[in-house]
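Inspection log for the structure reproduced underneath, given as structure tokens.
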Protein chains: 2
Amino acid sequence: MSDVSIKEVARIADVSIATVSRSINNPEQVTEKTRLKVQDAIRQTGYSPNTLAQSFRRGRTNIVMVVLPSVGDPFFTAVMRGIRSAAKNKGYSVVIEETQFNTLTADEIGAMLVSNQTDGIILLASVSPFGTEISSANSKRRLPIVIGCETVSRELADFPSVHIDNIAAAKEAVNYLISQDHERIAMICGQESSLLTKDRELGYRTAMKQAKLPVEDGWVVDGDLTIAGARKATRNLLNHSNRPTAIFCANDEMAIGCLHEVKSAGLGVPDDISVVGFDDIRYAEVTDPPLTTISQPAEEIGERVMYRLCRRIDAGNGESSSPEIVPHKLVIRQSVTNPAS
Amino acid sequence: MSDVSIKEVARIADVSIATVSRSINNPEQVTEKTRLKVQDAIRQTGYSPNTLAQSFRRGRTNIVMVVLPSVGDPFFTAVMRGIRSAAKNKGYSVVIEETQFNTLTADEIGAMLVSNQTDGIILLASVSPFGTEISSANSKRRLPIVIGCETVSRELADFPSVHIDNIAAAKEAVNYLISQDHERIAMICGQESSLLTKDRELGYRTAMKQAKLPVEDGWVVDGDLTIAGARKATRNLLNHSNRPTAIFCANDEMAIGCLHEVKSAGLGVPDDISVVGFDDIRYAEVTDPPLTTISQPAEEIGERVMYRLCRRIDAGNGESSSPEIVPHKLVIRQSVTNPAS
DNA sequence: TAGAGGAGTGTAAACGTTTACAATACCGCG
DNA sequence: CGCGGTATTGTAAACGTTTACACTCCTCTA
């Protein structure tokens with residue numbers, strides 16, 4: 001099967017290998033007649049081009065790498081589905097690199113580039129605050145990189161990106177709690193390093209400030225973006241001397257941990273504590289109670305980011321680098337109620 | 001960076017390109033002195049081998065493909081983590097193909113092979129009952145394939161596999177329900193095509209038969225392995241004229257849907273209905289109530305299956321094809337109670 | 001009918017490695 | 001000092017494509 005090369009086809013079809021190559025890749029350059037001859041020979045021999053040789057010759061792997069914090073998080077698997085579908089559409093394969101929530105340094109990205117030879121990279125994870133290294137190292141290398149979900153720091157601003165408006169979305173979530181008469185609202189956020197988390201925290205603080213509500217010391221805690229982290233964070237919140245009536249979580253994964261911990265403490269959701277999540281992963285509607293959360297168009301983000309990358313790969317530096325903001329939506333379920341009732 | 005080739009290094013180090021290649025790949029074949037010279041030159045030039053050229057020359061992509069039903073299912077993401085860790089260890093990249101629960105045909109696998117040139121394939125999904133096509137097509141091609149999680153049909157028996165004993169595990173789960181005095185036990189299983197599901201169903205039926213308990217018509221329903229499917233299945237079960245007191249689900253994903261639907265119907269878990277799952281995904285301990293389920297060593301399966309594949313790739317047909325059974329474990333949480341109480 | 005121009009095809013080089021084989025250098029022994 | 005043998009290095013071919021360039025036909029125009 002795969003041991004027959006273009007030479008054999010050329011021999012059978014009685015043409016040169018160049019003509020075979022052309023009838024496959026640029027059919028308009030050959031006669032109808034020879035094209036048919038070649039097609040026949042291909043069918044006879046069961047030839048299929050050696051993609052290794054093609055990649056080598058063309059200098060293209062047709063592989064892109066996506067770097068993400070955690071493959072386990074349903075939000076990212078949803079984004080991945082979008083990426084994969086667009087990739088398949090464009091003839092790319094996708095390899096995944098998981099950062100396990102650690103922040104990437106420029107060197108690590110560099111290492112990934114040389115080891116996994118890829119045509120481009122999609123960053124769904126935070127990169128180190130020393131973003132300049134990457135961007136300068138990269139303007140040198142001019143490697144196509146596009147950023148998804150994560151908010152973009154100034155240093156990376158010359159790369160295209162697609163994400164929601166995290167600040168506005170977080171504000172909307174918190175404003176909803178405020179509209180339900182909550183005044184003591186806490187937040188569980190991700191680790192320091194994540195810009196995206198920082199933005200959501202900023203949205204929370206802005207909403208609180210605009211409503212002239214205080215944010216007490218110890219009301220903003222790090223939940224590590226994991227279930228376990230959120231459970232610990234929730235315990236701290238419940239033991240706070242001025243216990244909040246509502247908790248806003250920076251992602252649904254943590255909201256699930258939070259829900260569980262509140263109930264383990266013998267309290268009710270939403271009767272004693274209201275909870276709001278972020279992402280609208282597919283488990284959000286089957287938690288108990290179903291989770292009120294911010295919905296992101298995860299698959300769409302994935303598709304857009306992949307198409308954006310393709311354009312970058314094809315167009316080189318031509319592709320614009322403006323951030324692309326996609327819409328979010330507050331979806332109201334049953335994890336929030338009025339604290340007075 | 002990547003535009004400097006081995007030639008440049010050879011020029012700087014004042015040796016031939018063959019020597020450069022050797023000092024990298026077979027250091028024991030060159031003098032200490034030249035090795036150092038070459039190392040220096042590499043550092044000076046920032047050379048790193050062109051992996052495309054290497055792949056081409058060596059006829060190896062160092063890429064493996066894994067075919068799985070659904071990337072979203074946390075069980076599979078856990079298996080993937082194991083695969084990825086082993087792959088990284090061995091210098092392989094991993095690309096994923098999702099079947100979306102459809103059964104694969106031999107042709108489809110063939111197409112994947114020629115389009116994505118890979119060194120091997122890990123099958124975590126069901127393949128079509130016409131397994132002979134694949135195995136014969138493959139003995140021709142002698143492509144390294146190994147099977148994980150899925151039970152192996154007779155036709156595929158010449159490929160290595162690693163999985164738990166699904167029949168025994170399902171029996172154990174059902175026996176546990178029986179030991180808790182349940183007599184009316186239903187099951188939500190996956191689609192027809194999945195052998196793995198068939199085995200779990202077989203385990204269920206065997207346990208029931210051995211305990212001389214009847215399996216009523218309509219007690220074994222298809223839940224599609226999805227949350228939505230399980231909810232619908234659960235609704236049917238709850239409306240059954242002889243309503244079961246316990247439901248055994250073929251995976252945790254469905255158990256989550258089941259839990260939710262039971263509670264939506266105004267019933268309590270486990271007080272009115274007991275529920276048992278399968279897989280022990282990481283959400284299983286934070287459902288309400290925490291889920292009693294069968295735990296599979298998912299990451300370990302992933303690692304073993306990958307190492308197995310490596311051996312197949314290296315050894316050719318040398319590697320044994322005996323199935324490798326890994327241990328499962330019943331983990332008891334709070335979704336089951338005695339129906340009398 | 002000569003010549004220009006274009007369409008179709010062939011020849012051969014190139015991509016960056018690895019590796020069989022040849023050549024050279026080095027060592028120890030007689 | 002010469003010789004055999006081994007350790008190290010160099011030369012060149014090969015992997016399967018793509019593609020620049022050259023060549024051959026053919027057609028159309030003047």
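By convention here, the chains of the structure tokens are called A, B, ... in the order presented, each chain's residues are numbered starting at 1, and ligands are numbered starting at 1 in the order presented.
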
List the spatial neighbours of region 217-223 of chain B as a PyMOL selection string - criterion: any atom at most 9 Å away, only C-alpha atoms (C1' of nucleotides), same-chain residues fewer than 3 positions off excluded.
chain B and resi 184-192+201+226-234+236-237+240+243-244+247+249-250+254

Output the selection as an mmCIF file, in the first residue's frame - N, CA, C and O atoms for each residue.
data_model
loop_
_atom_site.group_PDB
_atom_site.id
_atom_site.type_symbol
_atom_site.label_atom_id
_atom_site.label_comp_id
_atom_site.auth_asym_id
_atom_site.auth_seq_id
_atom_site.Cartn_x
_atom_site.Cartn_y
_atom_site.Cartn_z
ATOM 1 N N ARG B 184 -35.449 -5.119 42.745
ATOM 2 C CA ARG B 184 -35.875 -4.582 41.455
ATOM 3 C C ARG B 184 -34.781 -3.623 40.963
ATOM 4 O O ARG B 184 -34.774 -2.440 41.305
ATOM 5 N N ILE B 185 -33.868 -4.173 40.153
ATOM 6 C CA ILE B 185 -32.705 -3.408 39.701
ATOM 7 C C ILE B 185 -32.748 -3.242 38.185
ATOM 8 O O ILE B 185 -32.859 -4.224 37.459
ATOM 9 N N ALA B 186 -32.675 -1.999 37.728
ATOM 10 C CA ALA B 186 -32.692 -1.726 36.285
ATOM 11 C C ALA B 186 -31.297 -1.319 35.821
ATOM 12 O O ALA B 186 -30.415 -1.056 36.635
ATOM 13 N N MET B 187 -31.143 -1.258 34.519
ATOM 14 C CA MET B 187 -29.843 -0.845 33.993
ATOM 15 C C MET B 187 -30.001 0.103 32.808
ATOM 16 O O MET B 187 -30.839 -0.111 31.928
ATOM 17 N N ILE B 188 -29.177 1.162 32.808
ATOM 18 C CA ILE B 188 -29.103 2.045 31.642
ATOM 19 C C ILE B 188 -27.773 1.773 30.955
ATOM 20 O O ILE B 188 -26.715 1.949 31.561
ATOM 21 N N CYS B 189 -27.847 1.317 29.728
ATOM 22 C CA CYS B 189 -26.580 0.977 29.075
ATOM 23 C C CYS B 189 -26.325 1.854 27.854
ATOM 24 O O CYS B 189 -27.086 2.756 27.538
ATOM 25 N N GLY B 190 -25.210 1.596 27.199
ATOM 26 C CA GLY B 190 -24.830 2.368 26.017
ATOM 27 C C GLY B 190 -25.464 1.796 24.779
ATOM 28 O O GLY B 190 -26.281 0.878 24.852
ATOM 29 N N GLN B 191 -25.087 2.342 23.640
ATOM 30 C CA GLN B 191 -25.721 1.883 22.415
ATOM 31 C C GLN B 191 -25.284 0.457 22.080
ATOM 32 O O GLN B 191 -24.194 0.025 22.437
ATOM 33 N N GLU B 192 -26.150 -0.214 21.399
ATOM 34 C CA GLU B 192 -25.937 -1.564 20.893
ATOM 35 C C GLU B 192 -24.492 -1.885 20.541
ATOM 36 O O GLU B 192 -23.924 -2.902 20.934
ATOM 37 N N GLU B 201 -23.579 -5.103 30.454
ATOM 38 C CA GLU B 201 -24.951 -5.614 30.501
ATOM 39 C C GLU B 201 -24.945 -7.108 30.841
ATOM 40 O O GLU B 201 -25.752 -7.580 31.646
ATOM 41 N N THR B 226 -24.749 9.247 27.110
ATOM 42 C CA THR B 226 -24.742 10.695 27.331
ATOM 43 C C THR B 226 -25.683 11.087 28.470
ATOM 44 O O THR B 226 -26.571 10.333 28.849
ATOM 45 N N ILE B 227 -25.484 12.288 28.967
ATOM 46 C CA ILE B 227 -26.358 12.799 30.027
ATOM 47 C C ILE B 227 -27.791 12.868 29.535
ATOM 48 O O ILE B 227 -28.721 12.379 30.186
ATOM 49 N N ALA B 228 -27.963 13.455 28.375
ATOM 50 C CA ALA B 228 -29.312 13.641 27.853
ATOM 51 C C ALA B 228 -30.003 12.295 27.645
ATOM 52 O O ALA B 228 -31.173 12.108 28.026
ATOM 53 N N GLY B 229 -29.271 11.350 27.074
ATOM 54 C CA GLY B 229 -29.843 10.034 26.841
ATOM 55 C C GLY B 229 -30.253 9.374 28.143
ATOM 56 O O GLY B 229 -31.308 8.730 28.230
ATOM 57 N N ALA B 230 -29.421 9.548 29.151
ATOM 58 C CA ALA B 230 -29.710 8.912 30.436
ATOM 59 C C ALA B 230 -30.935 9.530 31.086
ATOM 60 O O ALA B 230 -31.715 8.849 31.752
ATOM 61 N N ARG B 231 -31.124 10.825 30.876
ATOM 62 C CA ARG B 231 -32.291 11.468 31.491
ATOM 63 C C ARG B 231 -33.569 10.896 30.913
ATOM 64 O O ARG B 231 -34.524 10.586 31.630
ATOM 65 N N LYS B 232 -33.544 10.758 29.593
ATOM 66 C CA LYS B 232 -34.726 10.184 28.948
ATOM 67 C C LYS B 232 -34.950 8.746 29.415
ATOM 68 O O LYS B 232 -36.072 8.354 29.767
ATOM 69 N N ALA B 233 -33.880 7.987 29.463
ATOM 70 C CA ALA B 233 -33.983 6.593 29.897
ATOM 71 C C ALA B 233 -34.530 6.507 31.318
ATOM 72 O O ALA B 233 -35.376 5.664 31.636
ATOM 73 N N THR B 234 -34.055 7.413 32.154
ATOM 74 C CA THR B 234 -34.487 7.399 33.545
ATOM 75 C C THR B 234 -35.984 7.683 33.644
ATOM 76 O O THR B 234 -36.715 7.034 34.418
ATOM 77 N N ASN B 236 -38.230 6.959 31.526
ATOM 78 C CA ASN B 236 -38.945 5.721 31.186
ATOM 79 C C ASN B 236 -38.956 4.750 32.354
ATOM 80 O O ASN B 236 -39.976 4.135 32.658
ATOM 81 N N LEU B 237 -37.807 4.640 32.988
ATOM 82 C CA LEU B 237 -37.694 3.711 34.113
ATOM 83 C C LEU B 237 -38.636 4.103 35.247
ATOM 84 O O LEU B 237 -39.286 3.248 35.874
ATOM 85 N N HIS B 240 -42.145 3.110 34.704
ATOM 86 C CA HIS B 240 -42.378 1.676 34.505
ATOM 87 C C HIS B 240 -43.407 1.182 35.525
ATOM 88 O O HIS B 240 -43.417 1.606 36.682
ATOM 89 N N ARG B 243 -41.807 -0.250 39.074
ATOM 90 C CA ARG B 243 -40.669 0.659 39.152
ATOM 91 C C ARG B 243 -39.502 0.058 39.936
ATOM 92 O O ARG B 243 -39.683 -0.430 41.049
ATOM 93 N N PRO B 244 -38.301 0.120 39.369
ATOM 94 C CA PRO B 244 -37.135 -0.415 40.080
ATOM 95 C C PRO B 244 -36.783 0.443 41.298
ATOM 96 O O PRO B 244 -37.132 1.621 41.351
ATOM 97 N N ILE B 247 -30.921 1.703 40.082
ATOM 98 C CA ILE B 247 -30.544 1.820 38.672
ATOM 99 C C ILE B 247 -29.031 1.735 38.556
ATOM 100 O O ILE B 247 -28.301 2.479 39.219
ATOM 101 N N CYS B 249 -25.953 2.260 36.079
ATOM 102 C CA CYS B 249 -25.645 2.967 34.829
ATOM 103 C C CYS B 249 -24.289 2.514 34.288
ATOM 104 O O CYS B 249 -23.334 2.353 35.048
ATOM 105 N N ALA B 250 -24.212 2.374 32.983
ATOM 106 C CA ALA B 250 -22.995 1.832 32.363
ATOM 107 C C ALA B 250 -21.835 2.815 32.368
ATOM 108 O O ALA B 250 -20.700 2.429 32.099
ATOM 109 N N MET B 254 -23.751 9.020 32.459
ATOM 110 C CA MET B 254 -25.183 8.718 32.488
ATOM 111 C C MET B 254 -25.715 8.724 33.916
ATOM 112 O O MET B 254 -26.849 9.133 34.161
#

Near Ile63 (chain A), counting only C-alpha atoms (C1' of nucleotides), which residues have an atom at most 8 Å away, once you skip same-chain residues fewer than 2 positions from it, shown as a PDB file with N, CA and C atoms, in the first residue's frame?
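Generated file (result.pdb):
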ATOM      1  N   THR A  61       4.145  21.037   8.226  1.00  0.00           N
ATOM      2  CA  THR A  61       3.755  19.796   8.879  1.00  0.00           C
ATOM      3  C   THR A  61       2.255  19.559   8.803  1.00  0.00           C
ATOM      4  N   MET A  65      -0.287  23.144  17.272  1.00  0.00           N
ATOM      5  CA  MET A  65      -0.259  22.755  18.667  1.00  0.00           C
ATOM      6  C   MET A  65      -1.169  23.668  19.467  1.00  0.00           C
ATOM      7  N   TYR A  92      -5.676  20.165   8.946  1.00  0.00           N
ATOM      8  CA  TYR A  92      -4.642  20.163   9.959  1.00  0.00           C
ATOM      9  C   TYR A  92      -4.883  19.077  11.006  1.00  0.00           C
ATOM     10  N   SER A  93      -3.811  18.574  11.578  1.00  0.00           N
ATOM     11  CA  SER A  93      -3.909  17.758  12.776  1.00  0.00           C
ATOM     12  C   SER A  93      -3.594  18.639  13.973  1.00  0.00           C
ATOM     13  N   VAL A  94      -4.063  18.200  15.134  1.00  0.00           N
ATOM     14  CA  VAL A  94      -3.898  19.002  16.340  1.00  0.00           C
ATOM     15  C   VAL A  94      -3.161  18.204  17.402  1.00  0.00           C
ATOM     16  N   VAL A  95      -2.123  18.756  17.957  1.00  0.00           N
ATOM     17  CA  VAL A  95      -1.536  18.116  19.132  1.00  0.00           C
ATOM     18  C   VAL A  95      -1.703  19.044  20.326  1.00  0.00           C
ATOM     19  N   GLN A 117       7.706  20.050  15.806  1.00  0.00           N
ATOM     20  CA  GLN A 117       7.677  20.970  14.683  1.00  0.00           C
ATOM     21  C   GLN A 117       6.222  21.176  14.287  1.00  0.00           C
ATOM     22  N   THR A 118       5.741  22.367  14.449  1.00  0.00           N
ATOM     23  CA  THR A 118       4.341  22.643  14.131  1.00  0.00           C
ATOM     24  C   THR A 118       4.252  23.882  13.261  1.00  0.00           C
ATOM     25  N   ASP A 119       3.132  24.003  12.582  1.00  0.00           N
ATOM     26  CA  ASP A 119       2.938  25.167  11.726  1.00  0.00           C
ATOM     27  C   ASP A 119       2.466  26.381  12.506  1.00  0.00           C
ATOM     28  N   GLY A 120       1.958  26.131  13.706  1.00  0.00           N
ATOM     29  CA  GLY A 120       1.461  27.253  14.479  1.00  0.00           C
ATOM     30  C   GLY A 120       1.015  26.818  15.850  1.00  0.00           C
TER      31      GLY A 120
END

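Every chain D residue lying within 9 Å of chain B, based on only C-alpha atoms (C1' of nucleotides), is listed here: DA7, DT8, DT9, DG10, DA14, DC15 and DG16 of chain D.
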
Neighbours of chain B in chain A at 9 Å, counting only C-alpha atoms, as a PyMOL selection string:
chain A and resi 1-2+48-57+59-61+71-74+77-78+80-81+84+93-97+114-117+140-141+227+256-257+259-261+263+283+286-288

Write a file of the selected residues as a compact mmCIF listing (two decimals), in the first residue's frame, keeping N, CA and C atoms.
# COMPACT_ATOMS: atom_id res chain seq x y z
N MET A 1 0.84 -1.20 0.00
CA MET A 1 0.00 0.00 0.00
C MET A 1 0.87 1.25 0.00
N SER A 2 1.48 1.47 1.11
CA SER A 2 2.19 2.74 1.23
C SER A 2 3.63 2.62 0.74
N SER A 48 -0.72 6.26 -2.55
CA SER A 48 -1.10 7.49 -1.86
C SER A 48 0.18 8.20 -1.48
N PRO A 49 0.19 9.51 -1.66
CA PRO A 49 1.44 10.27 -1.50
C PRO A 49 2.02 10.07 -0.10
N ASN A 50 3.29 10.00 -0.01
CA ASN A 50 3.99 9.91 1.26
C ASN A 50 3.96 11.28 1.93
N THR A 51 3.15 11.38 2.96
CA THR A 51 2.98 12.71 3.57
C THR A 51 4.24 13.20 4.25
N LEU A 52 5.08 12.27 4.67
CA LEU A 52 6.35 12.70 5.28
C LEU A 52 7.18 13.44 4.25
N ALA A 53 7.26 12.85 3.07
CA ALA A 53 8.05 13.48 2.04
C ALA A 53 7.44 14.82 1.65
N GLN A 54 6.12 14.83 1.58
CA GLN A 54 5.45 16.10 1.25
C GLN A 54 5.75 17.16 2.29
N SER A 55 5.57 16.79 3.55
CA SER A 55 5.83 17.75 4.62
C SER A 55 7.25 18.27 4.51
N PHE A 56 8.16 17.35 4.31
CA PHE A 56 9.56 17.71 4.24
C PHE A 56 9.80 18.70 3.11
N ARG A 57 9.29 18.32 1.95
CA ARG A 57 9.52 19.14 0.79
C ARG A 57 8.85 20.52 0.92
N GLY A 59 7.93 21.96 3.60
CA GLY A 59 8.28 22.69 4.81
C GLY A 59 7.07 22.98 5.69
N ARG A 60 6.06 22.16 5.55
CA ARG A 60 4.84 22.33 6.33
C ARG A 60 4.48 21.00 6.96
N THR A 61 4.14 21.04 8.23
CA THR A 61 3.75 19.80 8.88
C THR A 61 2.25 19.56 8.80
N VAL A 71 -6.63 19.61 30.20
CA VAL A 71 -7.49 18.94 29.23
C VAL A 71 -8.75 18.39 29.88
N GLY A 72 -8.73 18.35 31.22
CA GLY A 72 -9.88 17.76 31.91
C GLY A 72 -11.06 18.69 32.01
N ASP A 73 -10.81 19.97 31.98
CA ASP A 73 -11.89 20.94 32.16
C ASP A 73 -12.83 20.92 30.96
N PRO A 74 -14.11 20.66 31.21
CA PRO A 74 -15.08 20.56 30.11
C PRO A 74 -15.15 21.82 29.26
N THR A 77 -12.48 21.32 26.75
CA THR A 77 -12.77 20.28 25.78
C THR A 77 -13.79 20.79 24.77
N ALA A 78 -14.66 21.68 25.21
CA ALA A 78 -15.61 22.26 24.27
C ALA A 78 -14.89 23.15 23.26
N MET A 80 -11.84 22.84 22.42
CA MET A 80 -11.07 21.91 21.59
C MET A 80 -11.93 21.31 20.48
N ARG A 81 -13.18 21.04 20.80
CA ARG A 81 -14.04 20.48 19.76
C ARG A 81 -14.16 21.44 18.59
N ARG A 84 -10.85 21.45 16.73
CA ARG A 84 -10.64 20.24 15.96
C ARG A 84 -11.50 20.23 14.71
N SER A 93 -3.81 18.57 11.58
CA SER A 93 -3.91 17.76 12.78
C SER A 93 -3.59 18.64 13.97
N VAL A 94 -4.06 18.20 15.13
CA VAL A 94 -3.90 19.00 16.34
C VAL A 94 -3.16 18.20 17.40
N VAL A 95 -2.12 18.76 17.96
CA VAL A 95 -1.54 18.12 19.13
C VAL A 95 -1.70 19.04 20.33
N ILE A 96 -1.82 18.43 21.49
CA ILE A 96 -2.17 19.19 22.68
C ILE A 96 -1.01 19.19 23.67
N GLU A 97 -0.78 20.31 24.26
CA GLU A 97 0.21 20.41 25.33
C GLU A 97 -0.50 20.98 26.55
N VAL A 114 10.72 23.83 18.81
CA VAL A 114 11.77 23.07 18.13
C VAL A 114 11.51 21.57 18.23
N SER A 115 10.96 21.14 19.36
CA SER A 115 10.75 19.70 19.48
C SER A 115 9.55 19.24 18.65
N ASN A 116 8.39 19.78 18.93
CA ASN A 116 7.26 19.47 18.06
C ASN A 116 7.28 20.46 16.91
N GLN A 117 7.71 20.05 15.81
CA GLN A 117 7.68 20.97 14.68
C GLN A 117 6.22 21.18 14.29
N LYS A 140 11.17 37.59 15.77
CA LYS A 140 12.31 37.02 15.08
C LYS A 140 11.85 35.83 14.25
N ARG A 141 11.26 34.91 14.95
CA ARG A 141 10.93 33.63 14.34
C ARG A 141 9.68 33.74 13.48
N ILE A 227 -11.61 21.80 41.48
CA ILE A 227 -12.64 21.44 42.44
C ILE A 227 -12.08 21.45 43.86
N ILE A 256 -18.72 23.94 41.07
CA ILE A 256 -19.16 22.59 41.46
C ILE A 256 -18.57 22.21 42.80
N GLY A 257 -17.30 22.49 42.98
CA GLY A 257 -16.67 22.23 44.28
C GLY A 257 -17.31 23.05 45.37
N LEU A 259 -20.42 24.35 45.46
CA LEU A 259 -21.76 23.82 45.77
C LEU A 259 -21.64 22.66 46.75
N HIS A 260 -20.75 21.75 46.41
CA HIS A 260 -20.61 20.54 47.21
C HIS A 260 -20.19 20.86 48.63
N GLU A 261 -19.26 21.79 48.75
CA GLU A 261 -18.74 22.10 50.08
C GLU A 261 -19.77 22.82 50.94
N LYS A 263 -22.96 22.44 50.77
CA LYS A 263 -23.92 21.44 51.23
C LYS A 263 -23.31 20.52 52.28
N TYR A 283 -22.05 20.26 32.51
CA TYR A 283 -22.57 19.76 33.77
C TYR A 283 -23.36 20.82 34.53
N VAL A 286 -26.96 20.19 35.29
CA VAL A 286 -27.37 19.03 36.07
C VAL A 286 -26.78 19.02 37.47
N THR A 287 -26.21 20.14 37.90
CA THR A 287 -25.79 20.20 39.30
C THR A 287 -27.03 20.37 40.14
N ASP A 288 -26.86 20.26 41.44
CA ASP A 288 -27.99 20.40 42.34
C ASP A 288 -27.72 21.54 43.30

Please return, as an MDAnalysis selection string, all residues of region 53-293 of chain B that DSSP assigns to strand (DSSP E) on the basis of the backbone.
chainID B and resid 63:68 93:98 120:123 145:148 161:163 185:189 220:222 246:249 274:279 292:293

Taking only C-alpha atoms (C1' of nucleotides) into account, what are the residues of chain C at most 8 Å from chain B, put as number ranges by chain?
C: 16-18

Would you export the selected residues with N, CA and C atoms (P, O5', C5', C4', C3', O3' and C1' of nucleotides) as a compact mmCIF listing (two decimals), in the first residue's frame, please?
# COMPACT_ATOMS: atom_id res chain seq x y z
P DG C 16 17.35 22.85 3.78
O5' DG C 16 17.57 21.57 4.70
C5' DG C 16 16.54 21.21 5.61
C4' DG C 16 16.88 19.88 6.23
C3' DG C 16 18.24 19.85 6.92
O3' DG C 16 18.07 19.24 8.18
C1' DG C 16 18.07 18.10 5.35
P DT C 17 19.20 19.16 9.25
O5' DT C 17 18.98 17.66 9.77
C5' DT C 17 19.74 16.63 9.20
C4' DT C 17 18.87 15.44 8.99
C3' DT C 17 19.58 14.17 9.36
O3' DT C 17 18.98 13.64 10.53
C1' DT C 17 18.85 14.11 7.06
P DT C 18 19.85 12.63 11.39
O5' DT C 18 19.98 11.37 10.41
C5' DT C 18 18.86 10.52 10.24
C4' DT C 18 19.23 9.39 9.31
C3' DT C 18 20.25 8.41 9.88
O3' DT C 18 19.79 7.11 9.54
C1' DT C 18 21.00 9.22 7.80

Which residues, written as a list in words, have at least one atom at most 12 Å from DC29 (chain C), with only C-alpha atoms (C1' of nucleotides) counted and residues fewer than 6 positions away on the same chain left out?
DC1, DG2, DC3, DG4 and DG5 of chain D

Please write the residues from the selection above to a file, keeping N, CA, C and O atoms (P, O5', C5', C4', C3', O3' and C1' of nucleotides), as a compact mmCIF listing (two decimals), in the first residue's frame.
# COMPACT_ATOMS: atom_id res chain seq x y z
P DC D 1 62.83 4.43 10.81
O5' DC D 1 62.25 2.98 10.57
C5' DC D 1 63.04 2.01 9.94
C4' DC D 1 62.14 0.89 9.49
C3' DC D 1 60.86 1.37 8.78
O3' DC D 1 60.64 0.53 7.66
C1' DC D 1 60.28 0.01 10.62
P DG D 2 59.63 0.97 6.54
O5' DG D 2 58.65 -0.29 6.53
C5' DG D 2 59.20 -1.60 6.52
C4' DG D 2 58.11 -2.59 6.90
C3' DG D 2 56.77 -2.35 6.18
O3' DG D 2 56.21 -3.60 5.86
C1' DG D 2 56.44 -2.26 8.51
P DC D 3 55.09 -3.72 4.77
O5' DC D 3 54.07 -4.75 5.39
C5' DC D 3 54.49 -5.68 6.43
C4' DC D 3 53.34 -5.82 7.41
C3' DC D 3 51.96 -5.58 6.80
O3' DC D 3 51.20 -6.77 6.87
C1' DC D 3 52.21 -4.45 8.89
P DG D 4 49.72 -6.78 6.24
O5' DG D 4 48.85 -6.97 7.55
C5' DG D 4 49.26 -7.91 8.56
C4' DG D 4 48.33 -7.76 9.76
C3' DG D 4 46.85 -7.69 9.38
O3' DG D 4 46.13 -8.46 10.33
C1' DG D 4 47.49 -5.66 10.45
P DG D 5 44.59 -8.64 10.22
O5' DG D 5 44.08 -7.55 11.25
C5' DG D 5 44.59 -7.55 12.59
C4' DG D 5 44.02 -6.34 13.32
C3' DG D 5 42.52 -6.09 13.05
O3' DG D 5 41.88 -5.86 14.29
C1' DG D 5 43.76 -4.12 12.65
